[in-house]
file coords-v5.csv (CSV, C-alpha atoms)
chain,number,residue,atom,x,y,z
C,16,SER,CA,-124.5,36.6,62.6
C,17,GLN,CA,-121.0,35.4,63.5
C,18,THR,CA,-119.6,32.5,61.5
C,19,ILE,CA,-116.2,30.8,61.3
C,20,HIS,CA,-114.9,29.3,58.1
C,21,GLN,CA,-112.2,26.7,58.1
C,22,TRP,CA,-110.6,25.1,55.1
C,23,PRO,CA,-109.8,22.6,53.9
C,24,ALA,CA,-112.1,20.2,55.6
C,25,THR,CA,-109.7,17.3,55.0
C,26,LEU,CA,-106.1,17.2,54.2
C,27,VAL,CA,-103.6,14.4,53.6
C,28,GLN,CA,-100.0,15.5,53.6
C,29,PRO,CA,-96.6,13.6,53.5
C,30,VAL,CA,-94.2,13.9,56.3
C,31,GLY,CA,-91.8,16.8,55.8
C,32,SER,CA,-94.2,18.8,53.7
C,33,PRO,CA,-95.4,22.3,54.7
C,34,LEU,CA,-98.8,23.1,56.1
C,35,SER,CA,-101.2,26.1,56.0
C,36,LEU,CA,-104.6,26.0,57.5
C,37,GLU,CA,-106.8,29.1,57.3
C,38,CYS,CA,-109.5,30.3,59.5
C,39,THR,CA,-111.7,33.4,58.8
C,40,VAL,CA,-114.5,34.8,60.8
C,41,GLU,CA,-117.5,36.9,59.8
C,42,GLY,CA,-119.9,39.1,61.6
C,43,THR,CA,-117.6,40.5,64.2
C,44,SER,CA,-114.5,42.6,64.6
C,45,ASN,CA,-111.4,42.2,66.7
C,46,PRO,CA,-112.3,38.7,67.9
C,47,ASN,CA,-110.1,36.6,70.2
C,48,LEU,CA,-109.2,33.6,68.0
C,49,TYR,CA,-107.9,30.2,69.0
C,50,TRP,CA,-106.4,27.1,67.4
C,51,TYR,CA,-107.0,23.7,69.0
C,52,ARG,CA,-105.9,20.3,68.1
C,53,GLN,CA,-107.8,17.1,68.9
C,54,ALA,CA,-105.8,13.9,68.5
C,55,ALA,CA,-107.6,10.6,68.0
C,56,GLY,CA,-109.3,9.6,71.2
C,57,ARG,CA,-107.9,12.6,73.1
C,58,GLY,CA,-109.2,15.9,74.4
C,59,LEU,CA,-108.9,19.4,73.0
C,60,GLN,CA,-105.5,20.9,73.2
C,61,LEU,CA,-105.1,24.6,72.9
C,62,LEU,CA,-102.2,25.4,70.5
C,63,PHE,CA,-102.4,29.2,70.0
C,64,TYR,CA,-104.5,32.2,70.7
C,65,SER,CA,-104.6,35.7,69.4
C,66,VAL,CA,-106.2,38.9,70.8
C,67,GLY,CA,-105.4,41.0,67.7
C,68,ILE,CA,-103.5,41.4,64.5
C,69,GLY,CA,-99.9,40.2,64.8
C,70,GLN,CA,-100.5,39.1,68.4
C,71,ILE,CA,-99.9,35.4,68.9
C,72,SER,CA,-99.5,33.4,72.2
C,73,SER,CA,-98.3,29.8,72.1
C,74,GLU,CA,-99.6,27.4,74.7
C,75,VAL,CA,-97.3,24.5,73.8
C,76,PRO,CA,-93.9,24.3,72.1
C,77,GLN,CA,-94.2,22.3,68.9
C,78,ASN,CA,-93.7,22.0,65.2
C,79,LEU,CA,-96.4,24.5,64.4
C,80,SER,CA,-96.7,28.3,64.2
C,81,ALA,CA,-99.6,30.7,63.9
C,82,SER,CA,-100.1,34.1,62.4
C,83,ARG,CA,-102.8,36.7,62.3
C,84,PRO,CA,-102.3,38.9,59.2
C,85,GLN,CA,-105.8,40.4,59.3
C,86,ASP,CA,-108.3,41.1,62.0
C,87,ARG,CA,-110.5,38.2,61.0
C,88,GLN,CA,-107.9,35.8,59.6
C,89,PHE,CA,-106.0,33.3,61.6
C,90,ILE,CA,-103.5,30.9,60.0
C,91,LEU,CA,-101.9,27.8,61.3
C,92,SER,CA,-98.6,26.7,59.6
C,93,SER,CA,-95.8,24.3,59.7
C,94,LYS,CA,-92.6,24.2,57.6
C,95,LYS,CA,-92.2,20.4,57.9
C,96,LEU,CA,-95.0,18.2,59.1
C,97,LEU,CA,-94.4,15.3,61.5
C,98,LEU,CA,-96.4,12.1,61.9
C,99,SER,CA,-97.5,13.4,65.3
C,100,ASP,CA,-99.1,16.5,63.7
C,101,SER,CA,-102.0,14.3,62.5
C,102,GLY,CA,-105.3,15.3,64.2
C,103,PHE,CA,-108.4,17.4,64.0
C,104,TYR,CA,-107.6,21.1,64.0
C,105,LEU,CA,-110.3,23.5,65.2
C,106,CYS,CA,-110.4,27.2,65.0
C,107,ALA,CA,-112.5,29.0,67.6
C,108,MET,CA,-113.5,32.4,68.8
C,109,ASP,CA,-115.0,33.9,71.9
C,110,ARG,CA,-118.7,34.5,72.1
C,111,VAL,CA,-120.8,35.9,74.9
C,112,TRP,CA,-123.6,33.9,76.5
C,113,GLU,CA,-125.4,35.2,79.5
C,114,ALA,CA,-122.5,37.7,80.0
C,115,LYS,CA,-119.9,34.9,80.1
C,116,ASN,CA,-117.4,34.0,77.4
C,117,ILE,CA,-117.9,30.7,75.6
C,118,GLN,CA,-116.1,29.2,72.7
C,119,TYR,CA,-117.6,29.1,69.2
C,120,PHE,CA,-115.9,26.5,67.0
C,121,GLY,CA,-115.5,26.1,63.3
C,122,ALA,CA,-116.1,22.9,61.4
C,123,GLY,CA,-112.5,21.8,61.7
C,124,THR,CA,-109.8,20.3,59.4
C,125,ARG,CA,-108.9,16.7,59.6
C,126,LEU,CA,-105.2,16.4,58.9
C,127,SER,CA,-103.5,13.1,58.2
C,128,VAL,CA,-99.7,13.1,57.9
C,129,LEU,CA,-98.4,10.0,56.2
T,10,SER,CA,-101.8,21.6,87.7
T,11,GLN,CA,-105.5,21.8,86.7
T,12,LYS,CA,-107.1,18.5,85.9
T,13,ILE,CA,-110.5,17.7,84.5
T,14,GLU,CA,-112.0,14.2,84.5
T,15,GLN,CA,-115.2,13.0,82.9
T,16,ASN,CA,-116.6,9.9,84.5
T,17,SER,CA,-116.2,7.4,81.7
T,18,GLU,CA,-115.0,7.4,78.2
T,19,ALA,CA,-118.2,5.9,76.9
T,20,LEU,CA,-121.7,5.5,78.2
T,21,ASN,CA,-124.5,3.4,76.7
T,22,ILE,CA,-128.1,3.8,77.7
T,23,GLN,CA,-131.5,2.8,76.5
T,24,GLU,CA,-133.7,5.3,74.7
T,25,GLY,CA,-136.1,7.0,77.1
T,26,LYS,CA,-133.8,6.7,80.1
T,27,THR,CA,-131.9,9.5,81.8
T,28,ALA,CA,-128.2,9.9,80.9
T,29,THR,CA,-126.0,11.2,83.6
T,30,LEU,CA,-122.5,12.4,82.8
T,31,THR,CA,-120.0,13.5,85.4
T,32,CYS,CA,-117.3,16.2,85.3
T,33,ASN,CA,-114.8,16.5,88.1
T,34,TYR,CA,-112.0,19.0,88.3
T,35,THR,CA,-109.1,19.6,90.7
T,36,ASN,CA,-106.7,22.4,91.5
T,37,TYR,CA,-108.7,25.4,90.5
T,38,SER,CA,-111.9,27.2,91.3
T,39,PRO,CA,-113.9,28.0,88.2
T,40,ALA,CA,-116.3,30.9,88.1
T,41,TYR,CA,-118.5,28.9,85.8
T,42,LEU,CA,-118.7,25.6,84.0
T,43,GLN,CA,-119.8,24.9,80.4
T,44,TRP,CA,-121.0,21.9,78.6
T,45,TYR,CA,-120.5,21.2,74.9
T,46,ARG,CA,-121.7,18.6,72.5
T,47,GLN,CA,-119.4,17.2,69.7
T,48,ASP,CA,-120.6,15.1,66.9
T,49,PRO,CA,-118.1,12.9,64.9
T,50,GLY,CA,-116.0,15.0,62.6
T,51,ARG,CA,-117.5,18.3,63.8
T,52,GLY,CA,-116.5,21.1,66.1
T,53,PRO,CA,-117.9,21.2,69.6
T,54,VAL,CA,-121.2,23.1,70.1
T,55,PHE,CA,-122.0,25.0,73.2
T,56,LEU,CA,-125.0,23.7,75.1
T,57,LEU,CA,-125.3,25.6,78.4
T,58,LEU,CA,-123.3,27.0,81.3
T,59,ILE,CA,-123.8,27.2,85.0
T,60,ARG,CA,-122.3,29.8,87.4
T,61,GLU,CA,-120.5,29.0,90.6
T,62,ASN,CA,-123.4,30.5,92.6
T,63,GLU,CA,-126.0,28.4,90.8
T,64,LYS,CA,-126.8,24.9,92.0
T,65,GLU,CA,-128.9,23.8,89.0
T,66,LYS,CA,-129.7,24.9,85.4
T,67,ARG,CA,-132.2,23.5,83.0
T,68,LYS,CA,-132.7,23.8,79.3
T,69,GLU,CA,-135.4,21.7,77.7
T,70,ARG,CA,-134.4,18.1,78.4
T,71,LEU,CA,-131.0,19.1,79.8
T,72,LYS,CA,-130.1,19.7,83.4
T,73,VAL,CA,-126.8,20.7,84.9
T,74,THR,CA,-125.8,20.8,88.5
T,75,PHE,CA,-122.7,22.4,89.9
T,76,ASP,CA,-121.2,21.5,93.4
T,77,THR,CA,-118.2,23.7,94.1
T,78,THR,CA,-117.5,21.9,97.3
T,79,LEU,CA,-117.3,18.5,95.6
T,80,LYS,CA,-115.7,20.2,92.5
T,81,GLN,CA,-118.1,18.4,90.3
T,82,SER,CA,-120.8,19.0,87.7
T,83,LEU,CA,-123.4,16.5,86.6
T,84,PHE,CA,-125.0,16.7,83.2
T,85,HIS,CA,-128.4,15.0,82.7
T,86,ILE,CA,-130.3,14.3,79.6
T,87,THR,CA,-133.8,13.2,80.4
T,88,ALA,CA,-136.0,11.1,78.0
T,89,SER,CA,-132.9,10.4,75.9
T,90,GLN,CA,-133.1,9.8,72.2
T,91,PRO,CA,-130.8,8.3,69.7
T,92,ALA,CA,-130.2,11.8,68.3
T,93,ASP,CA,-128.6,12.6,71.7
T,94,SER,CA,-125.7,10.3,70.8
T,95,ALA,CA,-122.5,12.3,70.8
T,96,THR,CA,-119.5,13.2,72.8
T,97,TYR,CA,-120.1,15.6,75.6
T,98,LEU,CA,-117.3,17.9,76.9
T,99,CYS,CA,-117.2,19.9,80.1
T,100,ALA,CA,-115.1,23.0,80.5
T,101,PRO,CA,-114.7,24.6,83.9
T,102,HIS,CA,-113.6,28.2,83.4
T,103,ASN,CA,-112.1,31.0,85.3
T,104,TYR,CA,-111.7,34.6,84.3
T,105,GLY,CA,-108.4,35.6,82.7
T,106,GLN,CA,-107.6,32.0,81.8
T,107,ASN,CA,-107.8,30.1,78.5
T,108,PHE,CA,-110.5,27.5,78.1
T,109,VAL,CA,-109.6,23.9,79.2
T,110,PHE,CA,-111.8,21.1,78.2
T,111,GLY,CA,-112.3,17.7,79.7
T,112,PRO,CA,-111.6,14.5,77.6
T,113,GLY,CA,-115.3,14.0,76.9
T,114,THR,CA,-117.8,11.2,77.4
T,115,ARG,CA,-119.1,9.4,74.3
T,116,LEU,CA,-122.8,8.8,74.9
T,117,SER,CA,-124.7,6.2,72.8
T,118,VAL,CA,-128.5,6.1,73.2
T,119,LEU,CA,-129.7,2.7,72.0
T,120,PRO,CA,-133.1,2.4,70.3
call {"tool": "encode", "arguments": {"input": "coords-v5.csv", "output": "structure tokens"}}
result
Amino acid sequence: SQTIHQWPATLVQPVGSPLSLECTVEGTSNPNLYWYRQAAGRGLQLLFYSVGIGQISSEVPQNLSASRPQDRQFILSSKKLLLSDSGFYLCAMDRVWEAKNIQYFGAGTRLSVL
Amino acid sequence: SQKIEQNSEALNIQEGKTATLTCNYTNYSPAYLQWYRQDPGRGPVFLLLIRENEKEKRKERLKVTFDTTLKQSLFHITASQPADSATYLCAPHNYGQNFVFGPGTRLSVLP
């Protein structure tokens, strides 16, 4: 079955430090992959999506970048974290339900920038 | 621009009652609409979807309606239980577009 692994589950980083969050999927090939951020008390914001290796689309300009070095690996990075980067980061992929695409989410990474 | 509203940020109901959550959208015409459940500190989990040509969909104690004229979906949980307490997100979706989620309604079912 398809699964998504995200790590770490929790991360506390100082302002100005780099960031690397990893997402890997199992049980499927060539998935569409997504990074979302959920700030405290706010909705899900799509950050990046990828339809294949090396293909990244950015939804909002910000302090973050994404890469897809392998088919089932999606990485979210930052060179210098800002306080505003704090939030809950979720990796997701497309799944099909009743012939329609839905989103299947990982467990998420809680990032606190201090 | 596309906008999704969910009726209230928080909803408290008594165990055994029916919870009704509202999702309203503007400035687009979704082909289908999805509902997700999110528990604290966890990723959202898909519950069910309803197509634009469907008026109602049921799954166990869950019922979803979809009114494309009103641009609204209602999500009902009958015989609610404390275990139903969570945040519920709606996501109207159209083909070729990325998913956009509503801000969510936090439901608390009181014993």
call {"tool": "residues_around", "arguments": {"input": "coords-v5.csv", "residues": "Thr74 of chain T", "least_positions_apart": "3", "cutoff": "6 Å", "atoms": "only C-alpha atoms", "output": "ChimeraX atom specification"}}
result
/T:64-65,82-83
call {"tool": "closest_residue", "arguments": {"input": "coords-v5.csv", "among": "T:Lys26, T:Arg67, T:His102, T:Lys72", "to": "chain C", "atoms": "only C-alpha atoms"}}
result
T:His102
call {"tool": "atom_distance", "arguments": {"input": "coords-v5.csv", "atom1": "atom CA of Leu126 of chain C", "atom2": "atom CA of Gly50 of chain T"}}
result
11.5 Å
call {"tool": "closest_residue", "arguments": {"input": "coords-v5.csv", "among": "T:Asn16, T:Ser94, T:Gln106, T:Ser89", "to": "Tyr37 of chain T", "atoms": "all atoms listed in the file"}}
result
T:Gln106
call {"tool": "closest_residue", "arguments": {"input": "coords-v5.csv", "among": "C:Arg125, C:Arg110, C:Lys115, C:Lys95", "to": "Val30 of chain C", "atoms": "only C-alpha atoms"}}
result
C:Lys95
call {"tool": "closest_residue", "arguments": {"input": "coords-v5.csv", "among": "T:Leu42, T:Ala100, T:Ala28, T:Leu56", "to": "His85 of chain T", "atoms": "only C-alpha atoms"}}
result
T:Ala28
call {"tool": "atom_distance", "arguments": {"input": "coords-v5.csv", "atom1": "atom CA of Ser35 of chain C", "atom2": "atom CA of Ser92 of chain C"}}
result
4.5 Å
call {"tool": "closest_residue", "arguments": {"input": "coords-v5.csv", "among": "C:Tyr119, C:Glu113, C:Cys106, C:Val27", "to": "Leu61 of chain C", "atoms": "only C-alpha atoms"}}
result
C:Cys106
call {"tool": "closest_residue", "arguments": {"input": "coords-v5.csv", "among": "T:Val73, T:Cys32, T:Leu57, T:Ile22", "to": "chain C", "atoms": "all atoms listed in the file"}}
result
T:Leu57
call {"tool": "interface_residues", "arguments": {"input": "coords-v5.csv", "of": "chain T", "to": "chain C", "cutoff": "9 Å", "atoms": "only C-alpha atoms", "output": "number ranges by chain"}}
result
T: 41, 43, 50-55, 57-58, 98, 104, 107-113
call {"tool": "write_last_selection", "arguments": {"input": "coords-v5.csv", "atoms": "C-alpha atoms", "output": "PDB file, in the frame of the given file"}}
result
ATOM      1  CA  TYR T  41    -118.500  28.900  85.800  1.00  0.00           C
ATOM      2  CA  GLN T  43    -119.800  24.900  80.400  1.00  0.00           C
ATOM      3  CA  GLY T  50    -116.000  15.000  62.600  1.00  0.00           C
ATOM      4  CA  ARG T  51    -117.500  18.300  63.800  1.00  0.00           C
ATOM      5  CA  GLY T  52    -116.500  21.100  66.100  1.00  0.00           C
ATOM      6  CA  PRO T  53    -117.900  21.200  69.600  1.00  0.00           C
ATOM      7  CA  VAL T  54    -121.200  23.100  70.100  1.00  0.00           C
ATOM      8  CA  PHE T  55    -122.000  25.000  73.200  1.00  0.00           C
ATOM      9  CA  LEU T  57    -125.300  25.600  78.400  1.00  0.00           C
ATOM     10  CA  LEU T  58    -123.300  27.000  81.300  1.00  0.00           C
ATOM     11  CA  LEU T  98    -117.300  17.900  76.900  1.00  0.00           C
ATOM     12  CA  TYR T 104    -111.700  34.600  84.300  1.00  0.00           C
ATOM     13  CA  ASN T 107    -107.800  30.100  78.500  1.00  0.00           C
ATOM     14  CA  PHE T 108    -110.500  27.500  78.100  1.00  0.00           C
ATOM     15  CA  VAL T 109    -109.600  23.900  79.200  1.00  0.00           C
ATOM     16  CA  PHE T 110    -111.800  21.100  78.200  1.00  0.00           C
ATOM     17  CA  GLY T 111    -112.300  17.700  79.700  1.00  0.00           C
ATOM     18  CA  PRO T 112    -111.600  14.500  77.600  1.00  0.00           C
ATOM     19  CA  GLY T 113    -115.300  14.000  76.900  1.00  0.00           C
TER      20      GLY T 113
END
call {"tool": "atom_distance", "arguments": {"input": "coords-v5.csv", "atom1": "atom CA of Ser101 of chain C", "atom2": "atom CA of His20 of chain C"}}
result
20.3 Å
call {"tool": "residues_around", "arguments": {"input": "coords-v5.csv", "residues": "Ser17 of chain T", "least_positions_apart": "3", "cutoff": "10 Å", "atoms": "only C-alpha atoms", "output": "list in words"}}
result
Glu14, Leu20, Leu30, Thr31, Cys32, Pro112, Gly113, Thr114, Arg115 and Leu116 of chain T
call {"tool": "residues_near_point", "arguments": {"input": "coords-v5.csv", "point": "(-98.0, 20.4, 51.9)", "cutoff": "12 Å", "atoms": "all atoms listed in the file", "output": "ChimeraX atom specification"}}
result
/C:26-36,92-97,126-129
call {"tool": "residues_around", "arguments": {"input": "coords-v5.csv", "residues": "Val40 of chain C", "least_positions_apart": "6", "cutoff": "6 Å", "atoms": "all atoms listed in the file", "output": "PyMOL selection string"}}
result
chain C and resi 18-19+87
call {"tool": "residues_around", "arguments": {"input": "coords-v5.csv", "residues": "Thr78 of chain T", "least_positions_apart": "2", "cutoff": "12 Å", "atoms": "all atoms listed in the file", "output": "list in words"}}
result
Asn33, Tyr34, Thr35, Tyr37, Ser38, Pro39, Glu61, Asn62, Lys64, Phe75, Asp76, Lys80, Gln81 and Ser82 of chain T
call {"tool": "build_atoms", "arguments": {"input": "coords-v5.csv", "residues": "segment 27-57 of chain C", "atoms": "N, CA and C atoms", "output": "PDB file, keeping the file's coordinate frame"}}
result
ATOM      1  N   VAL C  27    -104.552  15.492  53.437  1.00  0.00           N
ATOM      2  CA  VAL C  27    -103.600  14.400  53.600  1.00  0.00           C
ATOM      3  C   VAL C  27    -102.249  14.923  53.075  1.00  0.00           C
ATOM      4  N   GLN C  28    -101.250  14.901  53.956  1.00  0.00           N
ATOM      5  CA  GLN C  28    -100.000  15.500  53.600  1.00  0.00           C
ATOM      6  C   GLN C  28     -98.840  14.485  53.939  1.00  0.00           C
ATOM      7  N   PRO C  29     -97.782  14.462  53.142  1.00  0.00           N
ATOM      8  CA  PRO C  29     -96.600  13.600  53.500  1.00  0.00           C
ATOM      9  C   PRO C  29     -95.799  14.232  54.584  1.00  0.00           C
ATOM     10  N   VAL C  30     -95.115  13.381  55.327  1.00  0.00           N
ATOM     11  CA  VAL C  30     -94.200  13.900  56.300  1.00  0.00           C
ATOM     12  C   VAL C  30     -93.146  14.771  55.671  1.00  0.00           C
ATOM     13  N   GLY C  31     -92.835  15.869  56.330  1.00  0.00           N
ATOM     14  CA  GLY C  31     -91.800  16.800  55.800  1.00  0.00           C
ATOM     15  C   GLY C  31     -92.385  17.889  54.926  1.00  0.00           C
ATOM     16  N   SER C  32     -93.660  17.801  54.577  1.00  0.00           N
ATOM     17  CA  SER C  32     -94.200  18.800  53.700  1.00  0.00           C
ATOM     18  C   SER C  32     -94.730  19.999  54.566  1.00  0.00           C
ATOM     19  N   PRO C  33     -94.935  21.172  53.951  1.00  0.00           N
ATOM     20  CA  PRO C  33     -95.400  22.300  54.700  1.00  0.00           C
ATOM     21  C   PRO C  33     -96.940  22.260  54.884  1.00  0.00           C
ATOM     22  N   LEU C  34     -97.412  23.099  55.806  1.00  0.00           N
ATOM     23  CA  LEU C  34     -98.800  23.100  56.100  1.00  0.00           C
ATOM     24  C   LEU C  34     -99.314  24.559  56.233  1.00  0.00           C
ATOM     25  N   SER C  35    -100.513  24.813  55.733  1.00  0.00           N
ATOM     26  CA  SER C  35    -101.200  26.100  56.000  1.00  0.00           C
ATOM     27  C   SER C  35    -102.653  25.862  56.086  1.00  0.00           C
ATOM     28  N   LEU C  36    -103.187  26.101  57.265  1.00  0.00           N
ATOM     29  CA  LEU C  36    -104.600  26.000  57.500  1.00  0.00           C
ATOM     30  C   LEU C  36    -105.151  27.408  57.770  1.00  0.00           C
ATOM     31  N   GLU C  37    -106.271  27.719  57.145  1.00  0.00           N
ATOM     32  CA  GLU C  37    -106.800  29.100  57.300  1.00  0.00           C
ATOM     33  C   GLU C  37    -108.137  29.080  57.995  1.00  0.00           C
ATOM     34  N   CYS C  38    -108.301  30.096  58.798  1.00  0.00           N
ATOM     35  CA  CYS C  38    -109.500  30.300  59.500  1.00  0.00           C
ATOM     36  C   CYS C  38    -109.946  31.773  59.313  1.00  0.00           C
ATOM     37  N   THR C  39    -111.174  31.998  58.870  1.00  0.00           N
ATOM     38  CA  THR C  39    -111.700  33.400  58.800  1.00  0.00           C
ATOM     39  C   THR C  39    -113.018  33.463  59.470  1.00  0.00           C
ATOM     40  N   VAL C  40    -113.262  34.613  60.039  1.00  0.00           N
ATOM     41  CA  VAL C  40    -114.500  34.800  60.800  1.00  0.00           C
ATOM     42  C   VAL C  40    -115.285  35.961  60.117  1.00  0.00           C
ATOM     43  N   GLU C  41    -116.599  35.904  60.278  1.00  0.00           N
ATOM     44  CA  GLU C  41    -117.500  36.900  59.800  1.00  0.00           C
ATOM     45  C   GLU C  41    -118.438  37.386  60.855  1.00  0.00           C
ATOM     46  N   GLY C  42    -118.901  38.603  60.724  1.00  0.00           N
ATOM     47  CA  GLY C  42    -119.900  39.100  61.600  1.00  0.00           C
ATOM     48  C   GLY C  42    -119.458  39.660  62.922  1.00  0.00           C
ATOM     49  N   THR C  43    -118.148  39.893  63.023  1.00  0.00           N
ATOM     50  CA  THR C  43    -117.600  40.500  64.200  1.00  0.00           C
ATOM     51  C   THR C  43    -116.286  41.129  63.907  1.00  0.00           C
ATOM     52  N   SER C  44    -115.818  41.991  64.778  1.00  0.00           N
ATOM     53  CA  SER C  44    -114.500  42.600  64.600  1.00  0.00           C
ATOM     54  C   SER C  44    -113.688  42.435  65.846  1.00  0.00           C
ATOM     55  N   ASN C  45    -112.362  42.368  65.633  1.00  0.00           N
ATOM     56  CA  ASN C  45    -111.400  42.200  66.700  1.00  0.00           C
ATOM     57  C   ASN C  45    -111.750  41.019  67.648  1.00  0.00           C
ATOM     58  N   PRO C  46    -112.039  39.858  67.072  1.00  0.00           N
ATOM     59  CA  PRO C  46    -112.300  38.700  67.900  1.00  0.00           C
ATOM     60  C   PRO C  46    -111.072  38.112  68.540  1.00  0.00           C
ATOM     61  N   ASN C  47    -111.204  37.467  69.689  1.00  0.00           N
ATOM     62  CA  ASN C  47    -110.100  36.600  70.200  1.00  0.00           C
ATOM     63  C   ASN C  47    -110.265  35.284  69.431  1.00  0.00           C
ATOM     64  N   LEU C  48    -109.153  34.816  68.858  1.00  0.00           N
ATOM     65  CA  LEU C  48    -109.200  33.600  68.000  1.00  0.00           C
ATOM     66  C   LEU C  48    -108.248  32.556  68.612  1.00  0.00           C
ATOM     67  N   TYR C  49    -108.607  31.306  68.396  1.00  0.00           N
ATOM     68  CA  TYR C  49    -107.900  30.200  69.000  1.00  0.00           C
ATOM     69  C   TYR C  49    -107.700  29.071  67.966  1.00  0.00           C
ATOM     70  N   TRP C  50    -106.581  28.363  68.078  1.00  0.00           N
ATOM     71  CA  TRP C  50    -106.400  27.100  67.400  1.00  0.00           C
ATOM     72  C   TRP C  50    -106.268  25.993  68.423  1.00  0.00           C
ATOM     73  N   TYR C  51    -107.071  24.937  68.203  1.00  0.00           N
ATOM     74  CA  TYR C  51    -107.000  23.700  69.000  1.00  0.00           C
ATOM     75  C   TYR C  51    -106.656  22.552  68.159  1.00  0.00           C
ATOM     76  N   ARG C  52    -106.096  21.541  68.796  1.00  0.00           N
ATOM     77  CA  ARG C  52    -105.900  20.300  68.100  1.00  0.00           C
ATOM     78  C   ARG C  52    -106.547  19.173  68.968  1.00  0.00           C
ATOM     79  N   GLN C  53    -107.168  18.236  68.275  1.00  0.00           N
ATOM     80  CA  GLN C  53    -107.800  17.100  68.900  1.00  0.00           C
ATOM     81  C   GLN C  53    -107.230  15.839  68.296  1.00  0.00           C
ATOM     82  N   ALA C  54    -106.322  15.180  69.002  1.00  0.00           N
ATOM     83  CA  ALA C  54    -105.800  13.900  68.500  1.00  0.00           C
ATOM     84  C   ALA C  54    -106.783  12.820  68.693  1.00  0.00           C
ATOM     85  N   ALA C  55    -106.629  11.759  67.937  1.00  0.00           N
ATOM     86  CA  ALA C  55    -107.600  10.600  68.000  1.00  0.00           C
ATOM     87  C   ALA C  55    -107.751  10.143  69.410  1.00  0.00           C
ATOM     88  N   GLY C  56    -109.007  10.126  69.892  1.00  0.00           N
ATOM     89  CA  GLY C  56    -109.300   9.600  71.200  1.00  0.00           C
ATOM     90  C   GLY C  56    -108.803  10.481  72.360  1.00  0.00           C
ATOM     91  N   ARG C  57    -108.439  11.705  72.051  1.00  0.00           N
ATOM     92  CA  ARG C  57    -107.900  12.600  73.100  1.00  0.00           C
ATOM     93  C   ARG C  57    -108.736  13.874  73.151  1.00  0.00           C
TER      94      ARG C  57
END
